file start_4.cif (mmCIF, N, CA and C atoms)
data_upload
#
loop_
_atom_site.label_atom_id
_atom_site.label_comp_id
_atom_site.auth_asym_id
_atom_site.auth_seq_id
_atom_site.Cartn_x
_atom_site.Cartn_y
_atom_site.Cartn_z
N MET A 1 -71.55 1.43 2.93
CA MET A 1 -70.73 0.73 1.95
C MET A 1 -70.75 -0.76 2.27
N SER A 2 -70.98 -1.58 1.26
CA SER A 2 -71.04 -3.03 1.47
C SER A 2 -69.64 -3.59 1.69
N GLU A 3 -69.58 -4.82 2.12
CA GLU A 3 -68.29 -5.49 2.34
C GLU A 3 -67.53 -5.61 1.03
N ILE A 4 -68.25 -5.92 -0.06
CA ILE A 4 -67.62 -6.02 -1.38
C ILE A 4 -67.01 -4.67 -1.77
N GLN A 5 -67.78 -3.61 -1.63
CA GLN A 5 -67.28 -2.27 -1.98
C GLN A 5 -66.07 -1.90 -1.12
N ALA A 6 -66.11 -2.23 0.15
CA ALA A 6 -65.01 -1.92 1.07
C ALA A 6 -63.73 -2.64 0.65
N LYS A 7 -63.84 -3.90 0.27
CA LYS A 7 -62.66 -4.65 -0.18
C LYS A 7 -62.08 -4.05 -1.46
N ILE A 8 -62.95 -3.65 -2.37
CA ILE A 8 -62.50 -3.04 -3.62
C ILE A 8 -61.80 -1.72 -3.32
N LYS A 9 -62.41 -0.90 -2.47
CA LYS A 9 -61.82 0.40 -2.13
C LYS A 9 -60.47 0.23 -1.46
N THR A 10 -60.34 -0.73 -0.57
CA THR A 10 -59.06 -0.99 0.10
C THR A 10 -57.99 -1.36 -0.92
N PHE A 11 -58.33 -2.23 -1.87
CA PHE A 11 -57.38 -2.61 -2.91
C PHE A 11 -56.98 -1.40 -3.74
N LEU A 12 -57.97 -0.64 -4.22
CA LEU A 12 -57.69 0.52 -5.08
C LEU A 12 -56.89 1.59 -4.33
N SER A 13 -57.14 1.75 -3.05
CA SER A 13 -56.46 2.78 -2.26
C SER A 13 -54.95 2.57 -2.22
N LYS A 14 -54.50 1.33 -2.38
CA LYS A 14 -53.06 1.05 -2.40
C LYS A 14 -52.39 1.75 -3.58
N PHE A 15 -53.14 2.00 -4.64
CA PHE A 15 -52.59 2.57 -5.86
C PHE A 15 -52.92 4.04 -6.03
N PHE A 16 -53.89 4.54 -5.27
CA PHE A 16 -54.39 5.89 -5.47
C PHE A 16 -53.85 6.87 -4.43
N GLY A 17 -52.93 6.44 -3.62
CA GLY A 17 -52.31 7.34 -2.65
C GLY A 17 -53.32 7.95 -1.70
N ASN A 18 -53.25 9.25 -1.55
CA ASN A 18 -54.10 9.97 -0.60
C ASN A 18 -55.48 10.30 -1.14
N HIS A 19 -55.78 9.93 -2.37
CA HIS A 19 -57.08 10.24 -2.95
C HIS A 19 -58.17 9.38 -2.29
N ASP A 20 -59.19 10.01 -1.74
CA ASP A 20 -60.30 9.29 -1.10
C ASP A 20 -61.33 8.93 -2.18
N LEU A 21 -61.14 7.80 -2.79
CA LEU A 21 -61.97 7.36 -3.91
C LEU A 21 -63.41 7.12 -3.45
N GLN A 22 -64.33 7.71 -4.18
CA GLN A 22 -65.75 7.57 -3.88
C GLN A 22 -66.36 6.44 -4.71
N PRO A 23 -67.45 5.83 -4.26
CA PRO A 23 -68.03 4.66 -4.93
C PRO A 23 -68.41 4.87 -6.40
N ASP A 24 -68.78 6.08 -6.78
CA ASP A 24 -69.17 6.34 -8.17
C ASP A 24 -68.13 7.13 -8.95
N GLU A 25 -66.93 7.25 -8.41
CA GLU A 25 -65.88 8.01 -9.08
C GLU A 25 -65.20 7.15 -10.15
N ASP A 26 -65.05 7.70 -11.35
CA ASP A 26 -64.52 6.99 -12.51
C ASP A 26 -62.99 6.90 -12.43
N ILE A 27 -62.48 5.70 -12.17
CA ILE A 27 -61.03 5.54 -12.01
C ILE A 27 -60.29 5.74 -13.33
N PHE A 28 -60.96 5.52 -14.46
CA PHE A 28 -60.32 5.76 -15.76
C PHE A 28 -60.19 7.26 -16.01
N ALA A 29 -61.24 8.01 -15.71
CA ALA A 29 -61.23 9.47 -15.90
C ALA A 29 -60.20 10.14 -15.00
N LEU A 30 -59.95 9.56 -13.83
CA LEU A 30 -58.97 10.12 -12.91
C LEU A 30 -57.54 9.91 -13.39
N GLY A 31 -57.35 9.02 -14.36
CA GLY A 31 -56.03 8.77 -14.92
C GLY A 31 -55.18 7.80 -14.12
N PHE A 32 -55.79 7.03 -13.24
CA PHE A 32 -55.04 6.10 -12.41
C PHE A 32 -54.81 4.74 -13.07
N VAL A 33 -55.49 4.48 -14.17
CA VAL A 33 -55.49 3.14 -14.74
C VAL A 33 -54.63 3.08 -16.00
N ASN A 34 -53.75 2.08 -16.03
CA ASN A 34 -53.04 1.73 -17.25
C ASN A 34 -53.29 0.24 -17.49
N SER A 35 -52.76 -0.31 -18.56
CA SER A 35 -53.06 -1.71 -18.89
C SER A 35 -52.56 -2.68 -17.82
N MET A 36 -51.41 -2.41 -17.23
CA MET A 36 -50.88 -3.29 -16.18
C MET A 36 -51.79 -3.25 -14.95
N PHE A 37 -52.22 -2.07 -14.56
CA PHE A 37 -53.11 -1.95 -13.42
C PHE A 37 -54.44 -2.65 -13.70
N ALA A 38 -54.94 -2.52 -14.91
CA ALA A 38 -56.20 -3.17 -15.28
C ALA A 38 -56.09 -4.68 -15.08
N MET A 39 -54.97 -5.26 -15.47
CA MET A 39 -54.76 -6.71 -15.28
C MET A 39 -54.71 -7.05 -13.78
N GLN A 40 -54.05 -6.23 -13.00
CA GLN A 40 -53.98 -6.45 -11.55
C GLN A 40 -55.38 -6.39 -10.94
N LEU A 41 -56.18 -5.47 -11.41
CA LEU A 41 -57.53 -5.32 -10.89
C LEU A 41 -58.37 -6.55 -11.20
N VAL A 42 -58.28 -7.05 -12.42
CA VAL A 42 -59.03 -8.26 -12.81
C VAL A 42 -58.57 -9.45 -11.96
N LEU A 43 -57.27 -9.61 -11.79
CA LEU A 43 -56.76 -10.72 -10.97
C LEU A 43 -57.21 -10.60 -9.52
N PHE A 44 -57.19 -9.39 -8.98
CA PHE A 44 -57.68 -9.18 -7.61
C PHE A 44 -59.12 -9.61 -7.49
N VAL A 45 -59.97 -9.18 -8.41
CA VAL A 45 -61.40 -9.51 -8.36
C VAL A 45 -61.59 -11.03 -8.42
N GLU A 46 -60.88 -11.68 -9.34
CA GLU A 46 -61.02 -13.14 -9.47
C GLU A 46 -60.58 -13.87 -8.21
N GLN A 47 -59.44 -13.49 -7.67
CA GLN A 47 -58.89 -14.19 -6.52
C GLN A 47 -59.65 -13.87 -5.23
N GLU A 48 -59.95 -12.61 -5.01
CA GLU A 48 -60.60 -12.19 -3.77
C GLU A 48 -62.02 -12.71 -3.66
N PHE A 49 -62.73 -12.76 -4.80
CA PHE A 49 -64.15 -13.11 -4.76
C PHE A 49 -64.45 -14.48 -5.39
N GLN A 50 -63.38 -15.20 -5.73
CA GLN A 50 -63.51 -16.57 -6.23
C GLN A 50 -64.47 -16.67 -7.42
N ILE A 51 -64.28 -15.78 -8.40
CA ILE A 51 -65.08 -15.79 -9.61
C ILE A 51 -64.14 -15.76 -10.81
N THR A 52 -64.67 -16.09 -11.96
CA THR A 52 -63.91 -16.02 -13.20
C THR A 52 -64.44 -14.87 -14.03
N ILE A 53 -63.54 -14.00 -14.43
CA ILE A 53 -63.90 -12.89 -15.31
C ILE A 53 -63.73 -13.39 -16.74
N GLU A 54 -64.84 -13.49 -17.45
CA GLU A 54 -64.83 -13.98 -18.83
C GLU A 54 -64.51 -12.83 -19.79
N ASN A 55 -64.17 -13.16 -21.04
CA ASN A 55 -63.88 -12.14 -22.03
C ASN A 55 -65.00 -11.13 -22.16
N GLU A 56 -66.25 -11.60 -22.12
CA GLU A 56 -67.38 -10.68 -22.28
C GLU A 56 -67.55 -9.74 -21.08
N ASP A 57 -66.90 -10.06 -19.96
CA ASP A 57 -66.95 -9.20 -18.77
C ASP A 57 -65.92 -8.06 -18.83
N LEU A 58 -64.96 -8.18 -19.75
CA LEU A 58 -63.85 -7.23 -19.82
C LEU A 58 -64.24 -5.96 -20.58
N GLU A 59 -65.22 -5.27 -20.04
CA GLU A 59 -65.66 -3.99 -20.60
C GLU A 59 -65.36 -2.90 -19.59
N PHE A 60 -64.99 -1.71 -20.09
CA PHE A 60 -64.69 -0.59 -19.20
C PHE A 60 -65.82 -0.33 -18.21
N GLU A 61 -67.05 -0.46 -18.66
CA GLU A 61 -68.20 -0.15 -17.80
C GLU A 61 -68.24 -1.04 -16.56
N ASN A 62 -67.71 -2.26 -16.65
CA ASN A 62 -67.70 -3.17 -15.50
C ASN A 62 -66.63 -2.82 -14.47
N PHE A 63 -65.65 -1.99 -14.85
CA PHE A 63 -64.51 -1.71 -13.98
C PHE A 63 -64.30 -0.22 -13.74
N ARG A 64 -65.21 0.63 -14.17
CA ARG A 64 -65.05 2.07 -14.14
C ARG A 64 -65.12 2.67 -12.72
N THR A 65 -65.95 2.11 -11.85
CA THR A 65 -66.13 2.64 -10.50
C THR A 65 -66.16 1.49 -9.49
N ILE A 66 -66.05 1.83 -8.21
CA ILE A 66 -66.20 0.82 -7.16
C ILE A 66 -67.58 0.16 -7.29
N ASN A 67 -68.61 0.97 -7.51
CA ASN A 67 -69.96 0.42 -7.64
C ASN A 67 -70.10 -0.51 -8.84
N SER A 68 -69.51 -0.15 -9.97
CA SER A 68 -69.64 -1.02 -11.15
C SER A 68 -68.90 -2.34 -10.96
N ILE A 69 -67.76 -2.31 -10.28
CA ILE A 69 -67.02 -3.55 -9.99
C ILE A 69 -67.84 -4.40 -9.01
N ALA A 70 -68.40 -3.78 -7.99
CA ALA A 70 -69.23 -4.51 -7.02
C ALA A 70 -70.45 -5.12 -7.71
N ASN A 71 -71.06 -4.40 -8.64
CA ASN A 71 -72.21 -4.94 -9.37
C ASN A 71 -71.82 -6.15 -10.21
N LEU A 72 -70.66 -6.09 -10.85
CA LEU A 72 -70.16 -7.22 -11.63
C LEU A 72 -69.97 -8.44 -10.72
N ILE A 73 -69.34 -8.23 -9.58
CA ILE A 73 -69.09 -9.33 -8.63
C ILE A 73 -70.42 -9.91 -8.15
N THR A 74 -71.37 -9.06 -7.84
CA THR A 74 -72.69 -9.52 -7.38
C THR A 74 -73.37 -10.36 -8.47
N ARG A 75 -73.32 -9.90 -9.71
CA ARG A 75 -73.91 -10.67 -10.82
C ARG A 75 -73.22 -12.02 -10.99
N LYS A 76 -71.89 -12.02 -10.94
CA LYS A 76 -71.13 -13.26 -11.15
C LYS A 76 -71.37 -14.25 -10.00
N THR A 77 -71.43 -13.76 -8.78
CA THR A 77 -71.65 -14.68 -7.65
C THR A 77 -73.09 -15.17 -7.64
N ALA A 78 -74.04 -14.38 -8.11
CA ALA A 78 -75.43 -14.83 -8.20
C ALA A 78 -75.56 -15.98 -9.20
N ILE A 79 -74.79 -15.89 -10.28
CA ILE A 79 -74.81 -16.97 -11.29
C ILE A 79 -74.25 -18.25 -10.66
N LEU A 80 -73.17 -18.12 -9.88
CA LEU A 80 -72.58 -19.30 -9.22
C LEU A 80 -73.55 -19.95 -8.25
N VAL A 81 -74.29 -19.15 -7.52
CA VAL A 81 -75.24 -19.68 -6.52
C VAL A 81 -76.37 -20.43 -7.22
N ARG A 82 -76.83 -19.90 -8.35
CA ARG A 82 -77.94 -20.54 -9.07
C ARG A 82 -77.50 -21.81 -9.80
N SER A 83 -76.23 -21.93 -10.12
CA SER A 83 -75.75 -23.07 -10.91
C SER A 83 -75.72 -24.35 -10.11
#

call {"tool": "encode", "arguments": {"input": "start_4.cif", "output": "structure tokens"}}
result
Amino acid sequence: MSEIQAKIKTFLSKFFGNHDLQPDEDIFALGFVNSMFAMQLVLFVEQEFQITIENEDLEFENFRTINSIANLITRKTAILVRS
């Protein structure tokens, strides 16, 4: 597990109790996500990884799993490095 994935899992674990969330497990399908939690997740990603989540990034597919969130962060940070 990468450092990015580990940070995401640690954050999510605060809300998921004893559930051992796996990198490809769908947090929406598990029923853990509501609109308030979704906002907290976006804010965590922006603050922890120093990126801006744009409107076009706010798709379920970008936030469905630990891996999809990590992929979004990797894409966003790659854009920052190239700029």

call {"tool": "atom_distance", "arguments": {"input": "start_4.cif", "atom1": "atom CA of Phe15 of chain A", "atom2": "atom CA of Phe32 of chain A"}}
result
7.8 Å

call {"tool": "residues_around", "arguments": {"input": "start_4.cif", "residues": "Ile4 of chain A", "least_positions_apart": "6", "cutoff": "8 Å", "atoms": "only N, CA and C atoms", "output": "PyMOL selection string"}}
result
chain A and resi 10+66+69-71

call {"tool": "residues_near_point", "arguments": {"input": "start_4.cif", "point": "(-58.6, 2.4, -15.0)", "cutoff": "9 Å", "atoms": "only C-alpha atoms", "output": "ChimeraX atom specification"}}
result
/A:26-35,37-38,41,60,63-65

call {"tool": "select_by_dssp", "arguments": {"input": "start_4.cif", "residues": "segment 7-57 of chain A", "states": "alpha helix (DSSP H)", "output": "PyMOL selection string"}}
result
chain A and resi 7-16+35-49

call {"tool": "atom_distance", "arguments": {"input": "start_4.cif", "atom1": "atom C of Met1 of chain A", "atom2": "atom CA of Glu56 of chain A"}}
result
26.7 Å

call {"tool": "atom_distance", "arguments": {"input": "start_4.cif", "atom1": "atom C of Ala78 of chain A", "atom2": "atom CA of Lys14 of chain A"}}
result
29.0 Å
